[in-house]
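Q: Input file: my_file-v1.txt. Contents: compact mmCIF, C-alpha atoms.
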```txt
# COMPACT_ATOMS: atom_id res chain seq x y z
CA MET A 198 -5.16 -18.47 26.68
CA MET A 199 -4.57 -21.37 29.01
CA SER A 200 -5.03 -21.27 32.75
CA PHE A 201 -1.78 -22.12 34.53
CA SER A 202 -0.65 -22.04 38.14
CA HIS A 203 2.92 -21.97 39.39
CA ASN A 204 2.61 -25.32 41.15
CA ARG A 205 2.21 -27.01 37.75
CA ARG A 206 5.00 -27.75 35.32
CA ILE A 207 5.75 -27.08 31.68
CA ILE A 208 7.27 -30.11 29.95
CA PHE A 209 8.76 -29.83 26.47
CA CYS A 210 9.43 -32.76 24.17
CA ASN A 211 11.86 -32.53 21.25
CA ARG A 212 14.65 -34.79 20.03
CA TYR A 213 17.30 -32.08 20.43
CA PHE A 214 18.03 -29.52 23.14
CA TYR A 215 20.96 -27.48 24.39
CA PRO A 216 23.91 -27.82 23.81
CA ASP A 217 22.76 -28.94 20.37
CA HIS A 218 22.81 -26.10 17.77
CA SER A 219 20.09 -27.22 15.36
CA ALA A 220 17.33 -24.72 14.62
CA THR A 221 14.57 -26.48 16.58
CA SER A 222 16.92 -26.98 19.51
CA GLN A 223 17.88 -23.31 19.65
CA MET A 224 14.25 -22.16 19.57
CA LEU A 225 13.33 -24.58 22.33
CA SER A 226 16.38 -23.69 24.42
CA ASP A 227 15.56 -19.98 24.23
CA LEU A 228 11.98 -20.51 25.40
CA ALA A 229 12.73 -23.07 28.09
CA PHE A 230 15.47 -20.95 29.64
CA ALA A 231 13.30 -17.84 29.57
CA LEU A 232 10.40 -19.60 31.30
CA ALA A 233 12.72 -21.12 33.90
CA ASP A 234 14.14 -17.67 34.58
CA GLY A 235 10.56 -16.59 35.26
CA LYS A 236 10.66 -19.07 38.18
CA LEU A 237 8.50 -21.68 36.44
CA ASP A 238 9.10 -25.39 36.83
CA VAL A 239 10.37 -26.35 33.36
CA HIS A 240 11.38 -29.82 32.12
CA VAL A 241 12.63 -31.03 28.74
CA VAL A 242 12.45 -34.61 27.47
CA THR A 243 15.05 -35.01 24.73
CA SER A 244 17.68 -37.40 23.37
CA ARG A 245 21.30 -37.79 24.43
CA GLN A 246 22.52 -36.99 20.90
CA ARG A 247 23.43 -33.92 18.91
CA TYR A 248 22.02 -33.20 15.47
CA ASP A 249 25.45 -33.13 13.83
CA ASP A 250 26.95 -35.90 15.96
CA PRO A 251 24.80 -38.99 16.59
CA SER A 252 27.67 -40.57 18.51
CA ALA A 253 27.61 -37.82 21.16
CA GLU A 254 26.71 -39.01 24.66
CA LEU A 255 25.16 -36.16 26.63
CA LEU A 256 24.26 -36.54 30.29
CA ALA A 257 21.10 -38.50 31.00
CA ARG A 258 19.93 -35.99 33.61
CA GLU A 259 21.09 -32.48 34.45
CA LYS A 260 19.81 -29.04 35.35
CA VAL A 261 20.78 -26.28 32.92
CA ALA A 262 19.90 -22.64 33.70
CA GLY A 263 16.99 -23.77 35.84
CA VAL A 264 15.65 -26.32 33.31
CA GLU A 265 15.44 -29.99 34.30
CA VAL A 266 16.73 -31.94 31.30
CA HIS A 267 15.74 -35.61 30.89
CA ARG A 268 17.74 -37.25 28.08
CA VAL A 269 16.45 -40.63 26.98
CA PRO A 270 18.50 -43.37 25.26
CA THR A 271 17.91 -43.98 21.55
CA THR A 272 19.50 -45.78 18.64
CA ARG A 273 22.27 -43.87 16.85
CA PHE A 274 22.12 -44.60 13.13
CA GLY A 275 22.16 -40.88 12.27
CA ARG A 276 20.70 -39.02 9.31
CA GLY A 277 22.70 -40.68 6.54
CA ARG A 278 20.11 -43.29 5.55
CA LEU A 279 16.32 -43.09 5.65
CA VAL A 280 15.90 -46.51 7.31
CA GLY A 281 18.40 -45.69 10.05
CA ARG A 282 16.74 -42.35 10.66
CA ALA A 283 13.34 -44.04 10.97
CA VAL A 284 14.74 -46.48 13.53
CA ASP A 285 16.15 -43.56 15.52
CA TYR A 286 12.73 -41.90 15.42
CA PHE A 287 10.90 -44.97 16.68
CA SER A 288 13.41 -45.55 19.47
CA PHE A 289 12.87 -41.96 20.61
CA TYR A 290 9.08 -42.38 20.47
CA GLY A 291 9.25 -45.35 22.84
CA ALA A 292 11.72 -43.84 25.29
CA ALA A 293 10.03 -40.42 25.28
CA ILE A 294 6.56 -41.88 25.88
CA PHE A 295 7.87 -43.75 28.91
CA ALA A 296 9.61 -40.62 30.27
CA LEU A 297 6.56 -38.41 29.69
CA TRP A 298 4.26 -40.94 31.32
CA ARG A 299 6.42 -40.84 34.44
CA LEU A 300 6.80 -37.04 34.45
CA LEU A 301 3.38 -35.70 33.50
CA ARG A 302 0.94 -34.94 36.29
CA PRO A 303 -2.67 -33.72 36.10
CA GLY A 304 -2.73 -30.07 35.05
CA ASP A 305 0.82 -30.02 33.65
CA VAL A 306 1.39 -28.46 30.22
CA LEU A 307 3.08 -30.68 27.61
CA VAL A 308 4.56 -28.78 24.66
CA ALA A 309 5.39 -31.12 21.77
CA LYS A 310 7.55 -29.91 18.89
CA THR A 311 7.87 -31.68 15.54
CA ASP A 312 11.17 -33.55 15.84
CA PRO A 313 10.74 -36.43 15.40
CA PRO A 314 7.78 -36.13 13.03
CA LEU A 315 4.36 -36.99 14.46
CA ILE A 316 5.54 -36.77 18.08
CA SER A 317 2.24 -34.96 18.71
CA VAL A 318 0.42 -38.30 18.34
CA PRO A 319 1.98 -40.16 21.30
CA ALA A 320 2.14 -36.85 23.21
CA ALA A 321 -1.63 -36.54 22.81
CA TRP A 322 -2.12 -40.05 24.17
CA VAL A 323 0.02 -39.35 27.23
CA ALA A 324 -1.62 -35.97 27.87
CA LYS A 325 -5.09 -37.52 27.66
CA TRP A 326 -4.39 -40.40 30.01
CA ARG A 327 -2.32 -38.38 32.50
CA GLY A 328 -4.64 -35.36 32.61
CA GLY A 329 -2.22 -32.87 31.06
CA HIS A 330 -2.76 -30.00 28.60
CA LEU A 331 -1.19 -30.51 25.17
CA VAL A 332 0.29 -27.66 23.14
CA ASN A 333 1.65 -28.54 19.69
CA TRP A 334 4.52 -26.31 18.50
CA LEU A 335 4.52 -26.92 14.75
CA GLN A 336 7.81 -26.18 13.02
CA ASP A 337 6.56 -28.05 9.94
CA LEU A 338 3.67 -30.24 8.83
CA PHE A 339 4.40 -33.93 8.35
CA PRO A 340 3.67 -36.09 6.35
CA GLU A 341 2.81 -33.27 3.92
CA VAL A 342 6.50 -32.29 3.66
CA ALA A 343 7.52 -35.86 2.83
CA ILE A 344 4.75 -36.16 0.25
CA ALA A 345 5.73 -32.85 -1.39
CA LEU A 346 9.39 -33.92 -1.51
CA GLY A 347 8.45 -37.19 -3.18
CA VAL A 348 9.70 -39.44 -0.38
CA ARG A 349 8.79 -43.01 -1.27
CA GLY A 350 6.02 -44.67 0.69
CA PHE A 351 4.13 -41.60 1.87
CA HIS A 352 1.70 -41.27 -1.01
CA GLY A 353 -1.62 -43.05 -1.00
CA VAL A 354 -3.06 -44.95 1.94
CA LEU A 355 -0.12 -44.50 4.30
CA GLY A 356 0.05 -40.74 3.83
CA ARG A 357 -3.70 -40.30 4.26
CA GLY A 358 -3.65 -42.46 7.38
CA LEU A 359 -0.83 -40.47 8.95
CA VAL A 360 -2.59 -37.18 8.20
CA ARG A 361 -5.78 -38.47 9.84
CA VAL A 362 -3.97 -39.64 12.99
CA ARG A 363 -1.92 -36.44 13.18
CA ASN A 364 -5.01 -34.26 12.76
CA GLY A 365 -6.60 -36.04 15.71
CA SER A 366 -3.70 -34.97 17.92
CA LEU A 367 -4.04 -31.38 16.70
CA ARG A 368 -7.77 -31.27 17.46
CA GLN A 369 -7.19 -32.72 20.94
CA ALA A 370 -4.65 -30.03 21.85
CA ALA A 371 -5.44 -27.06 24.04
CA ALA A 372 -3.49 -24.94 21.53
CA ASN A 373 -1.54 -25.36 18.29
CA VAL A 374 1.26 -22.88 17.64
CA ALA A 375 1.98 -22.31 13.95
CA ILE A 376 5.06 -20.39 12.81
CA GLY A 377 3.34 -18.47 10.01
CA GLU A 378 0.02 -17.29 8.64
CA ARG A 379 0.18 -19.67 5.68
CA MET A 380 0.64 -22.56 8.10
CA ARG A 381 -2.38 -21.34 10.05
CA GLU A 382 -4.41 -21.45 6.82
CA LYS A 383 -3.23 -25.00 6.13
CA LEU A 384 -4.26 -26.09 9.64
CA GLN A 385 -7.69 -24.53 9.31
CA GLY A 386 -8.08 -26.31 5.98
CA LEU A 387 -7.42 -29.58 7.83
CA GLY A 388 -10.30 -28.91 10.18
CA VAL A 389 -8.40 -27.57 13.18
CA PRO A 390 -10.60 -24.89 14.82
CA GLY A 391 -9.27 -21.38 14.27
CA GLU A 392 -9.56 -20.53 17.98
CA ASP A 393 -7.13 -23.38 18.74
CA ILE A 394 -4.42 -21.99 16.42
CA GLN A 395 -2.00 -19.25 17.42
CA VAL A 396 0.77 -17.84 15.23
CA ILE A 397 4.16 -17.17 16.80
CA HIS A 398 6.93 -16.62 14.29
CA ASN A 399 10.36 -17.98 15.00
CA TRP A 400 12.76 -15.32 16.17
CA ALA A 401 16.36 -14.21 16.59
CA ASP A 402 18.15 -12.48 19.46
CA GLY A 403 18.52 -8.83 18.51
CA GLU A 404 21.09 -8.25 21.22
CA ARG A 405 23.43 -10.91 19.87
CA ILE A 406 22.78 -10.35 16.18
CA ARG A 407 23.21 -6.70 15.30
CA PRO A 408 24.23 -5.05 12.04
CA VAL A 409 27.99 -4.87 11.56
CA ALA A 410 29.21 -2.26 9.08
CA PRO A 411 31.34 -3.60 6.18
CA ASP A 412 34.40 -1.58 7.18
CA ARG A 413 34.18 -3.04 10.72
CA ASN A 414 33.62 -6.64 9.73
CA PRO A 415 36.89 -8.62 10.00
CA LEU A 416 35.54 -11.45 7.84
CA ARG A 417 35.65 -9.24 4.72
CA ALA A 418 39.40 -8.87 4.96
CA GLU A 419 39.99 -12.42 6.21
CA TRP A 420 38.11 -13.90 3.24
CA GLY A 421 39.44 -11.41 0.68
CA LEU A 422 36.04 -9.85 -0.05
CA GLN A 423 36.85 -6.15 0.28
CA ASP A 424 35.15 -3.95 -2.29
CA ARG A 425 32.91 -6.81 -3.47
CA PHE A 426 29.11 -6.83 -3.51
CA ILE A 427 28.37 -10.00 -1.56
CA VAL A 428 25.23 -12.02 -2.22
CA GLY A 429 24.93 -14.45 0.67
CA TYR A 430 23.14 -17.69 1.45
CA SER A 431 23.45 -18.60 5.13
CA GLY A 432 22.46 -21.81 6.88
CA ASN A 433 21.12 -25.19 5.83
CA LEU A 434 21.36 -26.28 2.20
CA GLY A 435 18.45 -28.65 2.57
CA ARG A 436 16.01 -30.63 0.46
CA ALA A 437 13.28 -28.05 1.02
CA HIS A 438 15.36 -25.37 -0.70
CA GLU A 439 15.70 -24.74 -4.43
CA PHE A 440 19.12 -23.82 -5.80
CA GLU A 441 18.80 -24.06 -9.58
CA THR A 442 17.46 -20.50 -9.80
CA LEU A 443 20.31 -19.22 -7.63
CA LEU A 444 22.90 -21.02 -9.77
CA GLU A 445 21.35 -19.66 -12.97
CA ALA A 446 21.66 -16.12 -11.57
CA ALA A 447 25.30 -16.81 -10.66
CA ARG A 448 25.92 -18.11 -14.19
CA ARG A 449 24.47 -14.96 -15.71
CA LEU A 450 26.65 -12.79 -13.46
CA ASN A 451 29.81 -14.88 -13.78
CA GLY A 452 31.57 -12.12 -15.68
CA ARG A 453 30.97 -9.53 -12.96
CA GLU A 454 34.14 -9.50 -10.85
CA ASP A 455 32.56 -7.08 -8.39
CA ILE A 456 29.74 -9.50 -7.41
CA VAL A 457 30.35 -12.70 -5.45
CA PHE A 458 27.93 -15.40 -4.26
CA LEU A 459 28.84 -16.68 -0.80
CA PHE A 460 27.34 -19.84 0.74
CA ILE A 461 27.92 -20.12 4.50
CA GLY A 462 26.68 -23.36 6.04
CA ASP A 463 26.14 -27.00 5.21
CA GLY A 464 23.42 -29.54 4.57
CA PRO A 465 22.40 -32.51 2.45
CA ARG A 466 22.52 -30.57 -0.83
CA ARG A 467 25.81 -28.74 -0.34
CA THR A 468 27.85 -31.37 -2.20
CA GLU A 469 25.38 -31.24 -5.09
CA VAL A 470 25.52 -27.44 -5.27
CA GLU A 471 29.34 -27.45 -5.10
CA ALA A 472 29.47 -30.00 -7.92
CA ALA A 473 27.16 -27.84 -10.06
CA VAL A 474 29.32 -24.77 -9.43
CA GLN A 475 32.44 -26.66 -10.50
CA ALA A 476 30.77 -28.21 -13.55
CA GLN A 477 29.53 -24.82 -14.76
CA GLY A 478 32.87 -23.11 -14.08
CA LEU A 479 31.36 -20.46 -11.79
CA ALA A 480 34.31 -18.48 -10.48
CA ASN A 481 32.02 -16.08 -8.61
CA VAL A 482 30.76 -18.59 -6.02
CA GLN A 483 32.48 -19.36 -2.70
CA PHE A 484 31.65 -21.77 0.13
CA ARG A 485 32.39 -21.45 3.83
CA PRO A 486 31.41 -23.69 6.76
CA TYR A 487 29.10 -22.73 9.58
CA GLN A 488 30.69 -20.04 11.71
CA PRO A 489 30.99 -20.14 15.52
CA ARG A 490 28.06 -18.69 17.45
CA GLU A 491 30.16 -15.81 18.71
CA TRP A 492 30.71 -14.74 15.08
CA LEU A 493 27.06 -14.89 14.08
CA ALA A 494 26.58 -11.12 13.85
CA GLU A 495 29.66 -10.77 11.62
CA SER A 496 28.69 -13.79 9.51
CA LEU A 497 25.13 -12.63 8.86
CA SER A 498 26.23 -9.02 8.32
CA LEU A 499 28.92 -9.99 5.82
CA PRO A 500 26.62 -10.19 2.75
CA ASP A 501 25.21 -6.96 1.37
CA LEU A 502 22.17 -8.98 0.33
CA HIS A 503 20.83 -12.39 1.38
CA LEU A 504 19.16 -15.12 -0.65
CA ILE A 505 16.46 -17.41 0.78
CA SER A 506 14.66 -20.12 -1.17
CA LEU A 507 11.80 -22.53 -0.56
CA ARG A 508 10.23 -24.96 -2.99
CA PRO A 509 6.75 -23.58 -3.75
CA GLU A 510 5.04 -26.90 -3.04
CA LEU A 511 6.23 -26.60 0.58
CA GLU A 512 4.68 -23.18 1.17
CA GLY A 513 2.59 -23.29 4.35
CA PHE A 514 4.27 -26.50 5.52
CA ILE A 515 7.63 -24.85 6.34
CA VAL A 516 8.79 -21.28 7.02
CA PRO A 517 12.53 -20.65 6.39
CA SER A 518 13.92 -19.46 9.72
CA LYS A 519 16.91 -17.89 7.99
CA PHE A 520 14.85 -14.75 7.48
CA TYR A 521 14.81 -13.74 11.16
CA GLY A 522 18.58 -13.78 11.59
CA VAL A 523 19.03 -11.90 8.30
CA ALA A 524 16.53 -9.27 9.45
CA ALA A 525 18.30 -8.94 12.81
CA ALA A 526 21.56 -8.32 10.94
CA GLY A 527 19.89 -5.49 9.01
CA ARG A 528 20.28 -6.93 5.53
CA PRO A 529 17.71 -7.12 2.70
CA THR A 530 16.49 -10.43 1.30
CA LEU A 531 15.73 -11.79 -2.14
CA PHE A 532 13.35 -14.70 -1.75
CA VAL A 533 13.06 -17.37 -4.45
CA GLY A 534 9.80 -19.29 -4.25
CA ASP A 535 6.08 -18.64 -4.09
CA THR A 536 5.68 -14.88 -4.60
CA GLU A 537 2.46 -15.02 -2.55
CA GLY A 538 4.05 -17.06 0.25
CA GLU A 539 4.93 -16.28 3.86
CA ILE A 540 8.39 -14.78 3.38
CA ALA A 541 7.30 -12.94 0.23
CA GLN A 542 4.49 -11.25 2.15
CA LEU A 543 6.80 -10.31 5.03
CA LEU A 544 9.31 -8.74 2.63
CA GLU A 545 6.58 -6.65 1.07
CA GLU A 546 5.15 -5.65 4.44
CA GLY A 547 8.53 -4.59 5.80
CA ASP A 548 9.86 -3.16 2.50
CA CYS A 549 13.01 -5.17 3.10
CA GLY A 550 13.39 -7.25 -0.04
CA TYR A 551 11.80 -8.77 -3.12
CA ALA A 552 10.30 -12.11 -4.12
CA ILE A 553 11.26 -13.82 -7.37
CA PRO A 554 9.41 -16.85 -8.73
CA THR A 555 11.22 -20.18 -8.80
CA GLY A 556 12.94 -20.70 -12.15
CA ASP A 557 13.41 -17.01 -12.94
CA GLY A 558 17.21 -16.91 -12.81
CA ALA A 559 17.26 -13.93 -15.17
CA GLY A 560 14.93 -11.98 -12.88
CA LEU A 561 17.03 -12.84 -9.83
CA ALA A 562 20.22 -11.71 -11.60
CA SER A 563 18.48 -8.48 -12.62
CA HIS A 564 17.48 -7.69 -9.02
CA ILE A 565 21.03 -8.39 -7.82
CA GLU A 566 22.54 -6.11 -10.48
CA ALA A 567 20.06 -3.35 -9.66
CA LEU A 568 20.86 -3.43 -5.94
CA ALA A 569 24.60 -3.64 -6.58
CA ALA A 570 24.26 -0.48 -8.67
CA ASP A 571 21.99 1.28 -6.15
CA ARG A 572 23.71 0.84 -2.81
CA LYS A 573 21.53 3.56 -1.28
CA ARG A 574 18.38 1.50 -1.94
CA CYS A 575 20.09 -1.66 -0.74
CA ASP A 576 21.14 0.04 2.52
CA GLU A 577 17.66 1.52 2.93
CA MET A 578 16.06 -1.91 2.75
CA GLY A 579 18.63 -3.15 5.26
CA VAL A 580 17.57 -0.45 7.73
CA ASN A 581 13.93 -1.36 7.08
CA SER A 582 14.77 -5.00 7.73
CA ARG A 583 16.22 -4.30 11.16
CA ARG A 584 13.33 -2.00 12.06
CA PHE A 585 10.79 -4.64 11.00
CA PHE A 586 12.66 -7.23 13.05
CA GLU A 587 12.59 -5.05 16.18
CA GLN A 588 8.86 -4.50 15.75
CA ARG A 589 7.86 -8.10 15.10
CA PHE A 590 10.50 -10.80 15.52
CA ASP A 591 12.92 -9.96 18.34
CA HIS A 592 13.42 -12.51 21.09
CA PRO A 593 11.51 -10.73 23.92
CA ILE A 594 8.45 -10.33 21.68
CA ALA A 595 8.21 -14.07 21.07
CA MET A 596 8.74 -14.81 24.76
CA ARG A 597 5.81 -12.56 25.70
CA GLN A 598 3.62 -14.23 23.08
CA TRP A 599 4.46 -17.65 24.49
CA CYS A 600 3.71 -16.44 28.02
CA GLU A 601 0.28 -15.33 26.84
CA ILE A 602 -0.48 -18.70 25.24
CA LEU A 603 0.71 -20.63 28.28
CA GLY A 604 -1.13 -18.28 30.63
CA VAL A 605 1.95 -17.48 32.70
CA ALA A 606 3.10 -14.19 34.17
CA GLN A 607 4.23 -11.55 31.71
CA GLY A 608 7.48 -9.64 31.89
CA ILE A 609 10.14 -12.17 30.95
CA GLU A 610 13.11 -10.04 30.07
CA ALA A 611 15.60 -10.51 27.26
CA GLU A 612 18.47 -10.93 29.71
CA GLU A 613 17.37 -14.25 31.13
CA SER A 614 19.67 -16.41 33.20
CA GLY A 615 20.10 -18.81 30.29
CA GLU A 616 21.60 -16.12 28.05
CA GLU A 617 25.06 -17.58 28.32
CA VAL A 618 23.92 -20.99 27.17
CA ALA A 619 21.00 -20.33 24.81
CA SER A 620 21.64 -19.23 21.25
CA SER A 621 19.16 -17.85 18.72
CA SER A 622 20.60 -18.52 15.28
CA PRO A 623 18.01 -20.43 13.30
CA SER A 624 19.43 -21.78 10.07
CA ARG A 625 16.64 -23.77 8.64
```
Please go through the file and, once you have read it, give me the structure as structure tokens.

A:
Amino acid sequence: MMSFSHNRRIIFCNRYFYPDHSATSQMLSDLAFALADGKLDVHVVTSRQRYDDPSAELLAREKVAGVEVHRVPTTRFGRGRLVGRAVDYFSFYGAAIFALWRLLRPGDVLVAKTDPPLISVPAAWVAKWRGGHLVNWLQDLFPEVAIALGVRGFHGVLGRGLVRVRNGSLRQAAANVAIGERMREKLQGLGVPGEDIQVIHNWADGERIRPVAPDRNPLRAEWGLQDRFIVGYSGNLGRAHEFETLLEAARRLNGREDIVFLFIGDGPRRTEVEAAVQAQGLANVQFRPYQPREWLAESLSLPDLHLISLRPELEGFIVPSKFYGVAAAGRPTLFVGDTEGEIAQLLEEGDCGYAIPTGDGAGLASHIEALAADRKRCDEMGVNSRRFFEQRFDHPIAMRQWCEILGVAQGIEAEESGEEVASSSPSR
């Protein structure tokens, strides 16, 4: 635990912050607002953009729910092309380093997230030279993710060099916060001392996301899904996720009019998945866009059963944050990926779902059919899911864990002053 006095500041660095709705932004917004409500001096260095709108021009400086927000100028090529994204990253590195150098004072705590990748490296330099304490909040491990996804240029000498530089910033930190036990194991394997690693899972807000019974959920009637067993996928359809197994299960169940697969969200692979559904003539698959924040409880409660997937080679580098919102909504999960991975272990521990290995579309379809036939068991796992969430992953629990790591006063309540502006709906 770090030693911290109230005349020092906590400074966060991440490319996105409120009012942006991306997963990393929402996690950061929750924590920053909670700490500011605890009367701490909290600052955020971020960009002027939004994740889904690079042309957005947010205010360069403002105070939101007690948090001083410093938005730095960057290029605006967006996420469409790899080169443009890299230029955006480097422009943020330069502007953020300058802002942090001006802000950070001896004894301040600098919390660096992982957007853009490797921000911990310049953050470590600034913390060292300005006498601050660095805490790395690791939402993923880069460049390992890029290497696993086969991104050109990251294999060989470049990848090894980036890992070496990144590891130096992890070893320099006063603490490294991993979002899962498998990630902790990866960090220890990289030589980061175990005493410098703390695990704090991502979370959801159990007050905002509560189970909504099917007969009280207006989306069922609005979308014509009454009397259907809904198998849902909610959130980002990203490169880290595997969909072939899900589509194979849908193909095997295409003749079942009582079972529907519902994708709610967007992402770089949505067009590809939609094209596959059309090509295979899958009449049992529907797509809907992201729903407004105020409808999050209804949206996550709509499926009787949720699907989550992660490519096995990314296990320990990423933890799908979808799980926490699904658990808050009191719904069971079928996880497609490494059956010994993070989410698989949580499902077994909480008795709130099953893990199916990647590629086993027949096994996934069999589990779906079994739960559609045994609604009592499905509902039981949903109750278990909510109970497990309240014990381990609710918003106040994570806030207390962060207070302990930062060495600040305990007792931050769930009803912080930022409640009206912060949203906990991770969709990674």

Q: Please identify all polymer residues within 7 Å of segment 451-459 of chain A, counting all atoms listed in the file, omitting same-chain residues fewer than 2 positions from it, and present them as a PyMOL selection string.

A: chain A and resi 425-430+447-449+461+479-484

Q: Write out as a ChimeraX atom specification each polymer residue whose atoms come within 7 Å of segment 506-520 of chain A, counting only C-alpha atoms; drop sequence neighbours fewer than 2 positions from it.

A: /A:336-338,342,345,376-377,379-380,383,399,432,437-439,504,522-524,532-535,538,623-625

Q: Taking (21.2, -41.1, 17.9) in the coordinates of the supplied file, I want to know which residues reach to within 7 Å of it, counting only C-alpha atoms; could you give the answer as a list of chain:residue names?

A: A:Gln246, A:Pro251, A:Ser252, A:Thr271, A:Thr272, A:Arg273, A:Phe274, A:Gly275, A:Asp285

Q: Out of A:Cys600, A:Leu355, A:Leu493, A:Val306, which residue has the shortest atom-to-atom distance to Leu232 of chain A when counting only C-alpha atoms?

A: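 Of the candidates, the smallest distance to Leu232 of chain A is held by A:Cys600.
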
Q: As an exercise, work out the distance from atom CA of Ala446 of chain A to atom CA of Ala562 of chain A in Å and give it to one decimal place.

A: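 A separation of 4.6 Å between them.
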
Q: Give the answer as one residue: which of A:Tyr487, A:Tyr248, A:Trp492, A:Tyr290 has the shortest atom-to-atom distance to Ala220 of chain A, using all atoms listed in the file?

A: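 Closest to Ala220 of chain A of all the choices is A:Tyr248.
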
Q: Which residue is closest to Glu445 of chain A? Choose from A:Arg405, A:Gly556, A:Leu346, A:Gln542 and count all atoms listed in the file.

A: A:Gly556

Q: Give me the residues near Phe440 of chain A as a VMD selection string, where near means some atom within 8 Å (using only C-alpha atoms) and where sequence neighbours in that chain fewer than 3 positions away do not count.

A: chain A and resid 443 to 444 470 506
